[in-house]
$ cat entry-v3.txt   # compact mmCIF, C-alpha atoms and all ligand atoms
# COMPACT_ATOMS: atom_id res chain seq x y z
CA MET S 1 97.26 8.83 -100.92
CA THR S 2 97.19 6.66 -104.06
CA ALA S 3 99.61 6.38 -106.95
CA VAL S 4 100.03 5.00 -110.45
CA LEU S 5 103.09 2.93 -111.23
CA VAL S 6 104.28 3.65 -114.76
CA VAL S 7 106.36 0.93 -116.38
CA ASN S 8 108.45 1.22 -119.53
CA SER S 9 109.93 -2.19 -120.17
CA GLY S 10 112.59 -2.65 -122.83
CA SER S 11 114.49 -5.76 -123.82
CA SER S 12 117.37 -5.12 -121.44
CA SER S 13 116.09 -2.29 -119.29
CA LEU S 14 113.09 -1.34 -117.22
CA LYS S 15 112.17 2.20 -116.28
CA TYR S 16 109.55 3.01 -113.68
CA GLN S 17 107.93 6.02 -112.06
CA LEU S 18 105.55 6.16 -109.16
CA ILE S 19 103.26 9.13 -109.67
CA GLU S 20 100.84 10.40 -107.04
CA THR S 21 97.35 10.32 -108.53
CA ASP S 22 96.02 13.73 -107.47
CA THR S 23 99.08 15.95 -107.26
CA GLU S 24 100.96 14.16 -110.09
CA GLU S 25 104.06 14.38 -107.93
CA VAL S 26 106.82 11.88 -108.77
CA LEU S 27 107.21 9.89 -105.54
CA ALA S 28 110.02 7.73 -106.94
CA LYS S 29 111.58 6.74 -110.21
CA GLY S 30 114.15 4.23 -111.25
CA LEU S 31 116.00 2.42 -113.95
CA LEU S 32 117.10 -1.21 -114.04
CA GLU S 33 119.62 -2.00 -116.74
CA ARG S 34 121.32 -5.08 -118.17
CA ILE S 35 118.35 -7.37 -117.73
CA GLY S 36 119.34 -10.80 -119.01
CA GLN S 37 122.88 -10.48 -117.71
CA VAL S 38 124.17 -11.93 -114.46
CA GLN S 39 124.99 -8.55 -112.97
CA GLY S 40 122.50 -5.75 -113.43
CA VAL S 41 122.66 -2.08 -112.45
CA ALA S 42 119.81 -0.22 -110.83
CA THR S 43 119.14 3.30 -109.67
CA HIS S 44 116.23 4.38 -107.50
CA THR S 45 115.50 8.05 -106.94
CA THR S 46 113.12 9.70 -104.49
CA PRO S 47 112.89 13.31 -103.27
CA ASP S 48 115.19 12.11 -100.44
CA GLY S 49 118.07 10.86 -102.53
CA GLU S 50 119.40 8.54 -105.18
CA TRP S 51 120.68 4.98 -104.70
CA THR S 52 122.63 2.69 -106.98
CA MET S 53 122.44 -1.08 -106.65
CA GLU S 54 123.83 -4.09 -108.47
CA PRO S 55 121.14 -6.75 -108.30
CA ALA S 56 121.16 -9.96 -110.32
CA LEU S 57 118.73 -9.41 -113.20
CA PRO S 58 118.38 -12.68 -115.12
CA ASP S 59 114.89 -11.71 -116.39
CA HIS S 60 112.06 -9.17 -116.09
CA GLY S 61 110.62 -10.97 -113.06
CA ALA S 62 113.91 -10.44 -111.24
CA ALA S 63 113.83 -6.80 -112.27
CA PHE S 64 110.43 -6.37 -110.59
CA ASP S 65 111.76 -8.08 -107.46
CA ALA S 66 114.72 -5.70 -107.42
CA MET S 67 112.39 -2.73 -107.91
CA THR S 68 110.18 -3.88 -105.04
CA ARG S 69 113.23 -4.26 -102.79
CA ALA S 70 114.40 -0.77 -103.72
CA PHE S 71 111.02 0.61 -102.63
CA GLU S 72 111.16 -1.34 -99.35
CA GLU S 73 114.65 -0.09 -98.58
CA HIS S 74 114.49 3.48 -99.81
CA GLY S 75 110.78 4.29 -99.96
CA PRO S 76 108.09 5.04 -100.38
CA THR S 77 107.20 1.88 -98.45
CA GLY S 78 103.84 0.12 -98.44
CA LEU S 79 103.79 -0.06 -102.21
CA ALA S 80 101.02 -2.67 -102.26
CA GLY S 81 98.62 -0.29 -100.53
CA LEU S 82 99.75 2.75 -102.50
CA VAL S 83 99.58 1.54 -106.10
CA THR S 84 96.02 1.52 -107.44
CA ALA S 85 96.93 0.96 -111.09
CA VAL S 86 99.88 0.15 -113.32
CA GLY S 87 100.31 1.88 -116.68
CA HIS S 88 102.47 0.15 -119.27
CA ARG S 89 104.11 1.64 -122.33
CA VAL S 90 103.61 -0.63 -125.33
CA VAL S 91 105.30 0.28 -128.60
CA HIS S 92 103.10 -1.32 -131.24
CA GLY S 93 99.33 -1.45 -131.09
CA GLY S 94 98.90 -2.08 -134.82
CA ALA S 95 95.53 -0.98 -136.15
CA ARG S 96 93.89 -2.84 -133.25
CA PHE S 97 94.53 -0.45 -130.37
CA PHE S 98 93.72 3.22 -130.59
CA ALA S 99 93.06 3.95 -126.92
CA PRO S 100 94.43 3.04 -123.50
CA THR S 101 93.38 -0.55 -122.92
CA LEU S 102 92.83 -2.60 -119.77
CA VAL S 103 95.17 -5.59 -119.89
CA THR S 104 93.26 -8.88 -120.12
CA PRO S 105 94.53 -12.28 -121.25
CA GLN S 106 93.18 -11.47 -124.73
CA VAL S 107 95.04 -8.14 -124.80
CA GLU S 108 98.25 -9.94 -123.79
CA LYS S 109 97.71 -12.30 -126.68
CA ASP S 110 97.12 -9.42 -129.09
CA ILE S 111 100.28 -7.61 -127.97
CA ASP S 112 102.15 -10.86 -128.46
CA GLU S 113 100.77 -11.21 -132.00
CA LEU S 114 101.76 -7.64 -132.81
CA ALA S 115 105.38 -8.59 -132.03
CA GLU S 116 105.56 -9.50 -135.69
CA TYR S 117 105.64 -5.75 -136.42
CA ALA S 118 107.90 -4.74 -133.54
CA PRO S 119 110.12 -7.74 -132.78
CA LEU S 120 112.50 -5.68 -130.66
CA HIS S 121 109.89 -3.90 -128.60
CA ASN S 122 106.61 -5.72 -128.09
CA PRO S 123 108.06 -8.92 -126.57
CA ALA S 124 110.00 -6.79 -124.06
CA ASN S 125 106.89 -4.75 -123.29
CA LEU S 126 104.92 -7.94 -122.77
CA ALA S 127 107.60 -9.44 -120.52
CA GLY S 128 107.27 -6.31 -118.37
CA ILE S 129 103.48 -6.58 -118.30
CA ARG S 130 103.60 -10.23 -117.24
CA ALA S 131 106.17 -9.61 -114.53
CA ALA S 132 104.13 -6.65 -113.27
CA LEU S 133 100.92 -8.70 -113.25
CA ALA S 134 102.70 -11.24 -111.04
CA ALA S 135 104.05 -8.51 -108.75
CA PHE S 136 100.78 -6.52 -108.58
CA PRO S 137 98.01 -9.05 -109.18
CA ASP S 138 95.25 -7.10 -107.43
CA VAL S 139 95.23 -3.82 -109.37
CA PRO S 140 94.23 -3.02 -112.96
CA HIS S 141 97.00 -2.82 -115.56
CA VAL S 142 96.52 -0.52 -118.54
CA ALA S 143 98.45 -0.63 -121.81
CA ILE S 144 99.24 2.69 -123.49
CA PHE S 145 100.34 2.30 -127.11
CA ASP S 146 102.92 4.49 -128.89
CA THR S 147 100.92 4.06 -132.08
CA ALA S 148 97.50 4.97 -130.64
CA PHE S 149 97.65 8.74 -131.12
CA HIS S 150 98.35 8.29 -134.84
CA GLN S 151 95.24 6.22 -135.52
CA THR S 152 93.55 9.48 -136.54
CA MET S 153 95.81 9.80 -139.60
CA PRO S 154 93.80 9.87 -142.84
CA PRO S 155 94.35 7.11 -145.44
CA GLU S 156 96.37 9.41 -147.70
CA ALA S 157 98.91 9.82 -144.92
CA TYR S 158 99.10 6.22 -143.73
CA THR S 159 98.87 4.36 -147.05
CA TYR S 160 102.02 3.19 -148.82
CA ALA S 161 101.65 3.09 -152.60
CA ILE S 162 102.34 -0.62 -153.04
CA ASP S 163 100.18 -3.53 -154.24
CA ALA S 164 97.04 -3.04 -152.18
CA ALA S 165 96.40 -6.76 -151.73
CA VAL S 166 99.92 -7.34 -150.43
CA ALA S 167 99.63 -4.39 -148.08
CA GLU S 168 96.28 -5.65 -146.80
CA LYS S 169 97.51 -9.19 -146.27
CA TYR S 170 100.56 -8.13 -144.27
CA ARG S 171 98.99 -5.03 -142.69
CA ILE S 172 101.65 -2.85 -144.29
CA ARG S 173 100.89 0.81 -143.62
CA ARG S 174 102.26 3.71 -141.67
CA TYR S 175 101.49 3.40 -137.95
CA GLY S 176 103.67 6.09 -136.39
CA PHE S 177 105.25 6.05 -132.93
CA HIS S 178 106.12 8.37 -130.01
CA GLY S 179 102.36 9.04 -129.88
CA THR S 180 102.28 9.55 -126.13
CA SER S 181 104.86 12.30 -126.43
CA HIS S 182 103.30 13.94 -129.50
CA LYS S 183 99.92 14.04 -127.77
CA TYR S 184 101.30 15.45 -124.52
CA VAL S 185 103.44 18.08 -126.24
CA SER S 186 100.81 19.22 -128.75
CA GLU S 187 98.31 19.74 -125.91
CA LYS S 188 100.97 21.69 -123.99
CA ALA S 189 101.55 23.84 -127.07
CA ALA S 190 97.91 24.88 -127.28
CA ALA S 191 97.89 25.62 -123.55
CA PHE S 192 101.12 27.61 -123.88
CA LEU S 193 99.72 29.69 -126.75
CA GLY S 194 96.37 30.06 -125.00
CA THR S 195 94.49 28.86 -128.08
CA PRO S 196 91.74 26.20 -128.07
CA LEU S 197 93.21 22.79 -128.91
CA GLU S 198 90.58 22.27 -131.63
CA GLU S 199 91.87 25.32 -133.49
CA THR S 200 95.59 24.77 -133.06
CA ARG S 201 97.97 23.41 -135.71
CA THR S 202 101.25 22.16 -134.35
CA ILE S 203 104.37 20.51 -135.71
CA VAL S 204 106.04 18.49 -132.97
CA LEU S 205 109.69 17.54 -133.34
CA HIS S 206 110.52 14.79 -130.85
CA LEU S 207 114.31 14.51 -131.08
CA GLY S 208 115.74 11.91 -128.73
CA ASN S 209 117.67 8.74 -129.49
CA GLY S 210 114.64 7.87 -131.55
CA ALA S 211 113.26 10.89 -133.40
CA SER S 212 110.02 11.70 -135.15
CA ALA S 213 108.01 14.63 -136.43
CA CYS S 214 104.25 14.88 -136.18
CA ALA S 215 101.66 17.17 -137.76
CA VAL S 216 98.84 17.78 -135.31
CA ARG S 217 95.60 19.51 -136.24
CA GLY S 218 93.00 20.18 -133.55
CA GLY S 219 94.63 17.73 -131.15
CA GLU S 220 94.74 14.90 -133.69
CA SER S 221 97.73 13.44 -135.48
CA VAL S 222 97.29 13.89 -139.23
CA ASP S 223 100.77 12.82 -140.34
CA THR S 224 103.97 11.56 -138.79
CA SER S 225 107.46 10.67 -139.97
CA MET S 226 107.84 7.17 -138.51
CA GLY S 227 106.08 4.50 -140.50
CA PHE S 228 105.43 0.79 -140.44
CA THR S 229 108.20 0.64 -137.83
CA PRO S 230 110.19 3.32 -135.99
CA LEU S 231 112.86 3.13 -138.71
CA GLN S 232 111.36 5.66 -141.11
CA GLY S 233 111.70 9.43 -141.11
CA LEU S 234 114.26 11.56 -139.33
CA VAL S 235 117.95 10.73 -138.82
CA MET S 236 118.23 9.11 -135.37
CA GLY S 237 120.94 7.98 -132.97
CA THR S 238 121.43 4.63 -134.67
CA ARG S 239 118.57 4.44 -137.23
CA SER S 240 118.85 5.65 -140.80
CA GLY S 241 115.40 7.17 -141.17
CA ASP S 242 114.22 7.67 -144.77
CA LEU S 243 115.96 5.57 -147.38
CA ASP S 244 115.22 4.38 -150.90
CA PRO S 245 114.05 0.76 -150.36
CA ALA S 246 116.16 -0.20 -153.37
CA VAL S 247 119.25 0.31 -151.20
CA VAL S 248 118.16 -2.82 -149.37
CA PHE S 249 117.93 -4.82 -152.62
CA GLN S 250 121.32 -3.54 -153.67
CA LEU S 251 123.01 -4.55 -150.42
CA ALA S 252 121.38 -7.96 -150.52
CA ARG S 253 122.21 -8.60 -154.19
CA PHE S 254 125.68 -7.18 -154.39
CA GLY S 255 126.77 -6.86 -150.77
CA GLY S 256 125.64 -10.34 -149.79
CA LEU S 257 123.95 -9.02 -146.65
CA GLY S 258 121.27 -11.21 -145.09
CA LEU S 259 118.01 -9.90 -143.67
CA ASP S 260 119.23 -9.82 -140.08
CA GLU S 261 122.39 -8.00 -141.11
CA LEU S 262 120.34 -5.43 -143.02
CA ASP S 263 118.05 -4.99 -140.06
CA ASP S 264 121.07 -4.51 -137.81
CA LEU S 265 122.72 -2.12 -140.26
CA LEU S 266 119.70 0.17 -140.60
CA ASN S 267 118.39 -0.01 -137.03
CA ARG S 268 121.59 -0.12 -135.00
CA ARG S 269 124.54 0.94 -137.13
CA SER S 270 123.14 3.89 -139.07
CA GLY S 271 121.98 7.39 -138.21
CA LEU S 272 124.50 9.51 -136.30
CA LYS S 273 126.34 6.36 -135.29
CA GLY S 274 126.73 5.19 -138.87
CA LEU S 275 127.84 8.61 -140.07
CA THR S 276 130.25 9.41 -137.23
CA GLY S 277 130.81 6.40 -134.97
CA SER S 278 128.81 7.93 -132.09
CA ALA S 279 125.04 7.88 -131.59
CA ASP S 280 125.18 10.66 -129.01
CA LEU S 281 124.59 14.10 -130.42
CA ARG S 282 126.83 15.69 -127.80
CA ASP S 283 129.82 13.69 -129.11
CA VAL S 284 128.97 14.53 -132.69
CA ARG S 285 128.78 18.21 -131.80
CA ARG S 286 132.11 18.12 -129.98
CA ASN S 287 133.81 16.39 -132.89
CA ALA S 288 132.27 18.77 -135.41
CA ASP S 289 133.55 21.74 -133.38
CA ALA S 290 137.01 20.14 -133.37
CA GLY S 291 136.98 20.11 -137.16
CA ASP S 292 135.88 16.51 -137.84
CA GLU S 293 134.35 16.66 -141.30
CA ALA S 294 132.23 13.52 -140.96
CA ALA S 295 130.66 14.95 -137.82
CA GLN S 296 129.95 18.25 -139.58
CA VAL S 297 128.26 16.46 -142.46
CA ALA S 298 126.23 14.37 -139.99
CA LEU S 299 124.88 17.51 -138.31
CA ASP S 300 123.99 18.94 -141.71
CA VAL S 301 122.16 15.77 -142.73
CA TYR S 302 120.37 15.60 -139.38
CA CYS S 303 119.12 19.20 -139.62
CA HIS S 304 118.30 19.04 -143.32
CA ARG S 305 116.01 16.07 -142.71
CA ILE S 306 114.19 17.93 -139.94
CA LYS S 307 113.73 20.95 -142.20
CA HIS S 308 112.39 18.69 -144.93
CA TYR S 309 109.65 17.41 -142.61
CA VAL S 310 108.86 20.86 -141.25
CA GLY S 311 108.26 22.01 -144.82
CA ALA S 312 106.13 18.98 -145.56
CA TYR S 313 103.98 19.44 -142.48
CA LEU S 314 103.58 23.17 -143.03
CA ALA S 315 102.04 22.17 -146.35
CA VAL S 316 99.94 19.35 -144.87
CA LEU S 317 98.57 21.67 -142.17
CA GLY S 318 98.32 24.76 -144.37
CA GLY S 319 100.60 26.61 -141.93
CA ALA S 320 101.32 26.07 -138.27
CA ASP S 321 100.63 27.98 -135.08
CA ALA S 322 103.57 26.35 -133.36
CA ILE S 323 106.64 24.29 -134.06
CA VAL S 324 107.72 22.52 -130.91
CA PHE S 325 111.08 20.99 -130.02
CA THR S 326 111.13 18.27 -127.39
CA ALA S 327 113.13 15.29 -125.97
CA GLY S 328 116.88 15.08 -125.31
CA VAL S 329 118.15 16.87 -128.41
CA GLY S 330 115.11 19.10 -128.93
CA GLU S 331 115.16 20.39 -125.36
CA ASN S 332 118.92 20.79 -125.07
CA SER S 333 120.47 21.73 -128.38
CA PRO S 334 120.16 25.36 -129.51
CA LEU S 335 122.40 24.50 -132.47
CA ILE S 336 120.08 21.85 -133.87
CA ARG S 337 117.02 24.06 -133.31
CA GLU S 338 118.64 27.02 -135.02
CA ARG S 339 119.98 25.07 -138.00
CA SER S 340 116.83 23.07 -138.58
CA LEU S 341 114.73 26.20 -138.98
CA ALA S 342 117.33 28.49 -140.56
CA GLY S 343 116.20 30.26 -143.70
CA LEU S 344 112.48 29.83 -143.04
CA GLU S 345 111.88 33.53 -142.29
CA GLY S 346 109.97 33.83 -145.57
CA LEU S 347 107.51 31.28 -144.20
CA GLY S 348 106.98 33.29 -141.04
CA ILE S 349 109.34 31.26 -138.87
CA GLU S 350 111.95 33.32 -137.10
CA ILE S 351 114.08 32.12 -134.20
CA ASP S 352 115.34 34.67 -131.69
CA ALA S 353 119.05 33.87 -131.27
CA GLU S 354 119.21 35.06 -127.69
CA ARG S 355 116.08 33.22 -126.53
CA ASN S 356 117.26 30.08 -128.30
CA ALA S 357 120.70 30.19 -126.69
CA SER S 358 119.39 30.98 -123.21
CA ALA S 359 120.21 28.44 -120.50
CA GLU S 360 116.63 28.75 -119.24
CA ARG S 361 114.88 25.42 -118.70
CA GLY S 362 111.25 24.42 -118.90
CA GLU S 363 108.56 25.63 -121.28
CA ARG S 364 109.63 28.56 -123.38
CA ARG S 365 109.20 30.46 -126.62
CA ILE S 366 112.36 30.81 -128.69
CA SER S 367 110.93 32.64 -131.71
CA THR S 368 110.86 36.40 -132.12
CA ASP S 369 107.69 38.24 -131.18
CA ALA S 370 107.15 38.93 -134.88
CA SER S 371 107.42 35.28 -135.93
CA ARG S 372 104.04 34.21 -137.36
CA THR S 373 104.60 30.64 -136.23
CA ALA S 374 105.68 30.37 -132.60
CA VAL S 375 108.73 28.18 -132.05
CA LEU S 376 108.60 26.56 -128.63
CA VAL S 377 110.69 24.28 -126.44
CA LEU S 378 108.36 22.14 -124.34
CA PRO S 379 109.82 19.30 -122.26
CA THR S 380 108.01 16.05 -122.90
CA ASN S 381 106.83 13.81 -120.08
CA GLU S 382 105.73 10.45 -121.39
CA GLU S 383 105.50 8.91 -117.92
CA LEU S 384 103.08 11.56 -116.70
CA GLU S 385 100.99 11.18 -119.86
CA ILE S 386 100.87 7.39 -119.33
CA ALA S 387 99.79 7.91 -115.70
CA ARG S 388 97.06 10.34 -116.79
CA GLN S 389 95.79 8.03 -119.53
CA THR S 390 95.82 5.11 -117.11
CA VAL S 391 93.68 7.04 -114.64
CA SER S 392 91.25 8.27 -117.28
CA ALA S 393 90.94 4.84 -118.89
CA LEU S 394 89.94 3.37 -115.53
CA ALA S 395 87.50 6.19 -114.82
CA ALA S 396 85.75 5.69 -118.16
P1 LIG P 401 115.45 8.55 -125.52
O1 LIG P 401 114.92 8.48 -126.90
O2 LIG P 401 116.39 7.43 -125.19
O3 LIG P 401 114.43 8.86 -124.46
P2 LIG P 401 116.43 11.24 -124.98
O4 LIG P 401 115.17 11.96 -125.23
O5 LIG P 401 116.95 11.18 -123.60
O6 LIG P 401 116.43 9.78 -125.61
O7 LIG P 401 117.56 11.91 -125.92
C1 LIG P 401 118.84 11.41 -126.01
C2 LIG P 401 119.65 12.30 -126.94
O8 LIG P 401 119.64 13.63 -126.42
C3 LIG P 401 121.11 11.90 -127.10
O9 LIG P 401 121.47 11.89 -128.45
C4 LIG P 401 121.85 13.02 -126.41
O10 LIG P 401 123.06 13.29 -127.04
C5 LIG P 401 120.93 14.19 -126.56
N1 LIG P 401 121.21 15.19 -125.54
C6 LIG P 401 121.03 15.10 -124.22
N2 LIG P 401 121.47 16.22 -123.61
C7 LIG P 401 121.96 17.03 -124.58
C8 LIG P 401 122.56 18.32 -124.61
N3 LIG P 401 122.76 19.03 -123.49
N4 LIG P 401 122.91 18.83 -125.81
C9 LIG P 401 122.71 18.13 -126.93
N5 LIG P 401 122.16 16.92 -126.98
C10 LIG P 401 121.79 16.38 -125.82
$ encode --input "entry-v3.txt" --output "structure tokens" --more "lines below"
Ligand code: ADP
Amino acid sequence: MTAVLVVNSGSSSLKYQLIETDTEEVLAKGLLERIGQVQGVATHTTPDGEWTMEPALPDHGAAFDAMTRAFEEHGPTGLAGLVTAVGHRVVHGGARFFAPTLVTPQVEKDIDELAEYAPLHNPANLAGIRAALAAFPDVPHVAIFDTAFHQTMPPEAYTYAIDAAVAEKYRIRRYGFHGTSHKYVSEKAAAFLGTPLEETRTIVLHLGNGASACAVRGGESVDTSMGFTPLQGLVMGTRSGDLDPAVVFQLARFGGLGLDELDDLLNRRSGLKGLTGSADLRDVRRNADAGDEAAQVALDVYCHRIKHYVGAYLAVLGGADAIVFTAGVGENSPLIRERSLAGLEGLGIEIDAERNASAERGERRISTDASRTAVLVLPTNEELEIARQTVSALAA
């Protein structure tokens, strides 16, 4: 038996999954939180149970030590013999990386340089890669980039209409994110419909804490709502999504806000959190049901923005075979699904209320049989996709 260790390293957390290579069974998964603080929290889950620990997690190296100990104590044991490759999620690959890439010292350097575009994410991803290289020095490590899937976007979709020389100098363009999920889900959609991937047009709505929409034609991303950074597009847990850039000038000129404050405002204090005080859609929903007007408006804004992108991507694709909801909100909120697509019957999009409200889990169709565009709920699985891409990159 061999397995791929999938690592998703954030600034203060590290998620991992150990996935059996042939059966794709999850042998173990875990989450280490509060890296950088004296007292961390960790959970380790296997088919035999779930354990919570409180290891010291001063840095990412300590997090890998804690993970290794969790495997020794709770299994599967013999990790060194079991793991044949490590797959790493990396947020920003710029225009440099468009495929899974074997980690070399040069690749580490490139990821480090790309931190300029993703100051919150890439350094944390790199810290995870370096700690993992130290913990598993004898196996190949592969970097899987969130941006890679979107490298197929045509210039008209990725170009911002600003001074071309300035854009060129600072590499300002739309990159797009959540690519691993959009790829996985759009392939699932074609399989679900039983149509060849090359002939399938899909709109994927990845609605989690971060949220993005993607127009996929023939298995390739042709447009997506996130841009130069993951700040653009849909309303998110704490990010504003689309905004007139002049709002930034205004707040700097008249509000006296500095760059870091603006960054913090738009990335961490906006979206659902900015509108309602909570970034969690479940809270917003509860408050809206209890009559809280701000929460009701927030839901309206959230759904209106999704509808706006669905309309845009229907036009970009010339119609869609499927619209797919995925991630925390997309997979779990009938209300958001229903409201986001309400009134689109004239465009051949018709949700079946009963199917949408059903407590059924897993892959399912929630549109009526007559709906020209199928509306689907397909759970995403970024870890599995990373494991698969890691294996295929090494086989190539
Ligand atoms: P991440 O981007 O961190 O991976 P997830 O995909 O887990 O996020 O999505 C998190 C979001 O999903 C949260 O806003 C949460 O409120 C929402 N969510 C989770 N479960 C439900 C549910 N049953 N109903 C509505 N929203 C849910």
$ residues_near_ligand --input "entry-v3.txt" --ligand "ligand LIG 401 (chain P)" --cutoff "7 Å" --atoms "only C-alpha atoms and all ligand atoms" --output "list in words"
Leu207, Gly208, Asn209, Gly210, Gly237, Ala279, Asp280, Leu281, Arg282, Ala327, Gly328, Val329, Asn332 and Ser333 of chain S
$ residues_around --input "entry-v3.txt" --residues "Met67 in chain S" --least-positions-apart "5" --cutoff "9 Å" --atoms "all atoms listed in the file" --output "PyMOL selection string"
chain S and resi 16+30-32+42+44+62+72
$ residues_around --input "entry-v3.txt" --residues "range 302-315 of chain S" --least-positions-apart "5" --cutoff "7 Å" --atoms "all atoms listed in the file" --output "JSON, numbers by chain"
{"S": [203, 213, 215, 234, 235, 320, 336, 339, 340, 341]}
$ closest_residue --input "entry-v3.txt" --among "S:Ala115, S:Ile349, S:Leu27, S:Ala127" --to "Val4 in chain S" --atoms "only C-alpha atoms"
S:Leu27
$ atom_distance --input "entry-v3.txt" --atom1 "CA of Gly256 in chain S" --atom2 "CA of Pro230 in chain S"
24.8 Å
$ residues_around --input "entry-v3.txt" --residues "Ile111 in chain S" --least-positions-apart "4" --cutoff "7 Å" --atoms "all atoms listed in the file" --output "PDB file with C-alpha atoms, in the coordinates of the input"
ATOM      1  CA  GLY S  93      99.330  -1.450-131.090  1.00  0.00           C
ATOM      2  CA  VAL S 107      95.040  -8.140-124.800  1.00  0.00           C
ATOM      3  CA  ALA S 115     105.380  -8.590-132.030  1.00  0.00           C
ATOM      4  CA  ASN S 122     106.610  -5.720-128.090  1.00  0.00           C
ATOM      5  CA  LEU S 126     104.920  -7.940-122.770  1.00  0.00           C
TER       6      LEU S 126
END
$ residues_around --input "entry-v3.txt" --residues "Ser270 in chain S" --least-positions-apart "6" --cutoff "10 Å" --atoms "only C-alpha atoms" --output "list in words"
Val235, Met236, Gly237, Thr238, Arg239, Ser240, Gly241, Asp264, Thr276, Gly277, Ser278 and Ala279 of chain S
$ residues_around --input "entry-v3.txt" --residues "Leu275 in chain S" --least-positions-apart "6" --cutoff "8 Å" --atoms "all atoms listed in the file" --output "list of chain:residue names"
S:Ala294, S:Ala295, S:Ala298
$ atom_distance --input "entry-v3.txt" --atom1 "CA of Val248 in chain S" --atom2 "CA of Arg268 in chain S"
15.0 Å
$ atom_distance --input "entry-v3.txt" --atom1 "CA of Ala374 in chain S" --atom2 "CA of Phe149 in chain S"
23.1 Å
$ axis_aligned_box --input "entry-v3.txt" --around "range 107-111 of chain S" --padding-each-side "5 Å" --output "JSON"
{"center_x": 97.7, "center_y": -10.0, "center_z": -126.4, "size_x": 15.2, "size_y": 14.7, "size_z": 15.3}
$ closest_residue --input "entry-v3.txt" --among "S:Glu382, S:Glu220, S:Glu116, S:Asp65" --to "Ser186 in chain S" --atoms "all atoms listed in the file"
S:Glu220
$ closest_residue --input "entry-v3.txt" --among "S:Arg364, S:Arg174, S:Arg388, S:His88" --to "His141 in chain S" --atoms "all atoms listed in the file"
S:His88
$ closest_residue --input "entry-v3.txt" --among "S:Ile386, S:Ala85, S:Leu231, S:Ile35" --to "Phe136 in chain S" --atoms "only C-alpha atoms"
S:Ala85
$ closest_residue --input "entry-v3.txt" --among "S:Ala3, S:Glu24, S:Asp283, S:Val185" --to "Leu82 in chain S" --atoms "all atoms listed in the file"
S:Ala3
$ residues_near_point --input "entry-v3.txt" --point "(94.7, 8.9, -135.7)" --cutoff "9 Å" --atoms "all atoms listed in the file" --output "PDB file with C-alpha atoms, in the coordinates of the input"
ATOM      1  CA  PHE S  98      93.720   3.220-130.590  1.00  0.00           C
ATOM      2  CA  THR S 147     100.920   4.060-132.080  1.00  0.00           C
ATOM      3  CA  ALA S 148      97.500   4.970-130.640  1.00  0.00           C
ATOM      4  CA  PHE S 149      97.650   8.740-131.120  1.00  0.00           C
ATOM      5  CA  HIS S 150      98.350   8.290-134.840  1.00  0.00           C
ATOM      6  CA  GLN S 151      95.240   6.220-135.520  1.00  0.00           C
ATOM      7  CA  THR S 152      93.550   9.480-136.540  1.00  0.00           C
ATOM      8  CA  MET S 153      95.810   9.800-139.600  1.00  0.00           C
ATOM      9  CA  PRO S 154      93.800   9.870-142.840  1.00  0.00           C
ATOM     10  CA  GLU S 220      94.740  14.900-133.690  1.00  0.00           C
ATOM     11  CA  SER S 221      97.730  13.440-135.480  1.00  0.00           C
ATOM     12  CA  VAL S 222      97.290  13.890-139.230  1.00  0.00           C
ATOM     13  CA  ASP S 223     100.770  12.820-140.340  1.00  0.00           C
TER      14      ASP S 223
END
$ residues_near_point --input "entry-v3.txt" --point "(113.5, 4.1, -99.5)" --cutoff "12 Å" --atoms "only C-alpha atoms" --output "list in words"
Leu27, Ala28, Lys29, Gly30, Thr43, His44, Thr45, Thr46, Pro47, Asp48, Gly49, Glu50, Trp51, Thr52, Met67, Thr68, Arg69, Ala70, Phe71, Glu72, Glu73, His74, Gly75, Pro76, Thr77, Gly78 and Leu79 of chain S
$ write_last_selection --input "entry-v3.txt" --atoms "C-alpha atoms" --output "compact mmCIF listing (two decimals), keeping the file's coordinate frame"
# COMPACT_ATOMS: atom_id res chain seq x y z
CA LEU S 27 107.21 9.89 -105.54
CA ALA S 28 110.02 7.73 -106.94
CA LYS S 29 111.58 6.74 -110.21
CA GLY S 30 114.15 4.23 -111.25
CA THR S 43 119.14 3.30 -109.67
CA HIS S 44 116.23 4.38 -107.50
CA THR S 45 115.50 8.05 -106.94
CA THR S 46 113.12 9.70 -104.49
CA PRO S 47 112.89 13.31 -103.27
CA ASP S 48 115.19 12.11 -100.44
CA GLY S 49 118.07 10.86 -102.53
CA GLU S 50 119.40 8.54 -105.18
CA TRP S 51 120.68 4.98 -104.70
CA THR S 52 122.63 2.69 -106.98
CA MET S 67 112.39 -2.73 -107.91
CA THR S 68 110.18 -3.88 -105.04
CA ARG S 69 113.23 -4.26 -102.79
CA ALA S 70 114.40 -0.77 -103.72
CA PHE S 71 111.02 0.61 -102.63
CA GLU S 72 111.16 -1.34 -99.35
CA GLU S 73 114.65 -0.09 -98.58
CA HIS S 74 114.49 3.48 -99.81
CA GLY S 75 110.78 4.29 -99.96
CA PRO S 76 108.09 5.04 -100.38
CA THR S 77 107.20 1.88 -98.45
CA GLY S 78 103.84 0.12 -98.44
CA LEU S 79 103.79 -0.06 -102.21
$ closest_residue --input "entry-v3.txt" --among "S:Ser358, S:Thr180, S:Asn8, S:Asn287" --to "Ala99 in chain S" --atoms "all atoms listed in the file"
S:Thr180
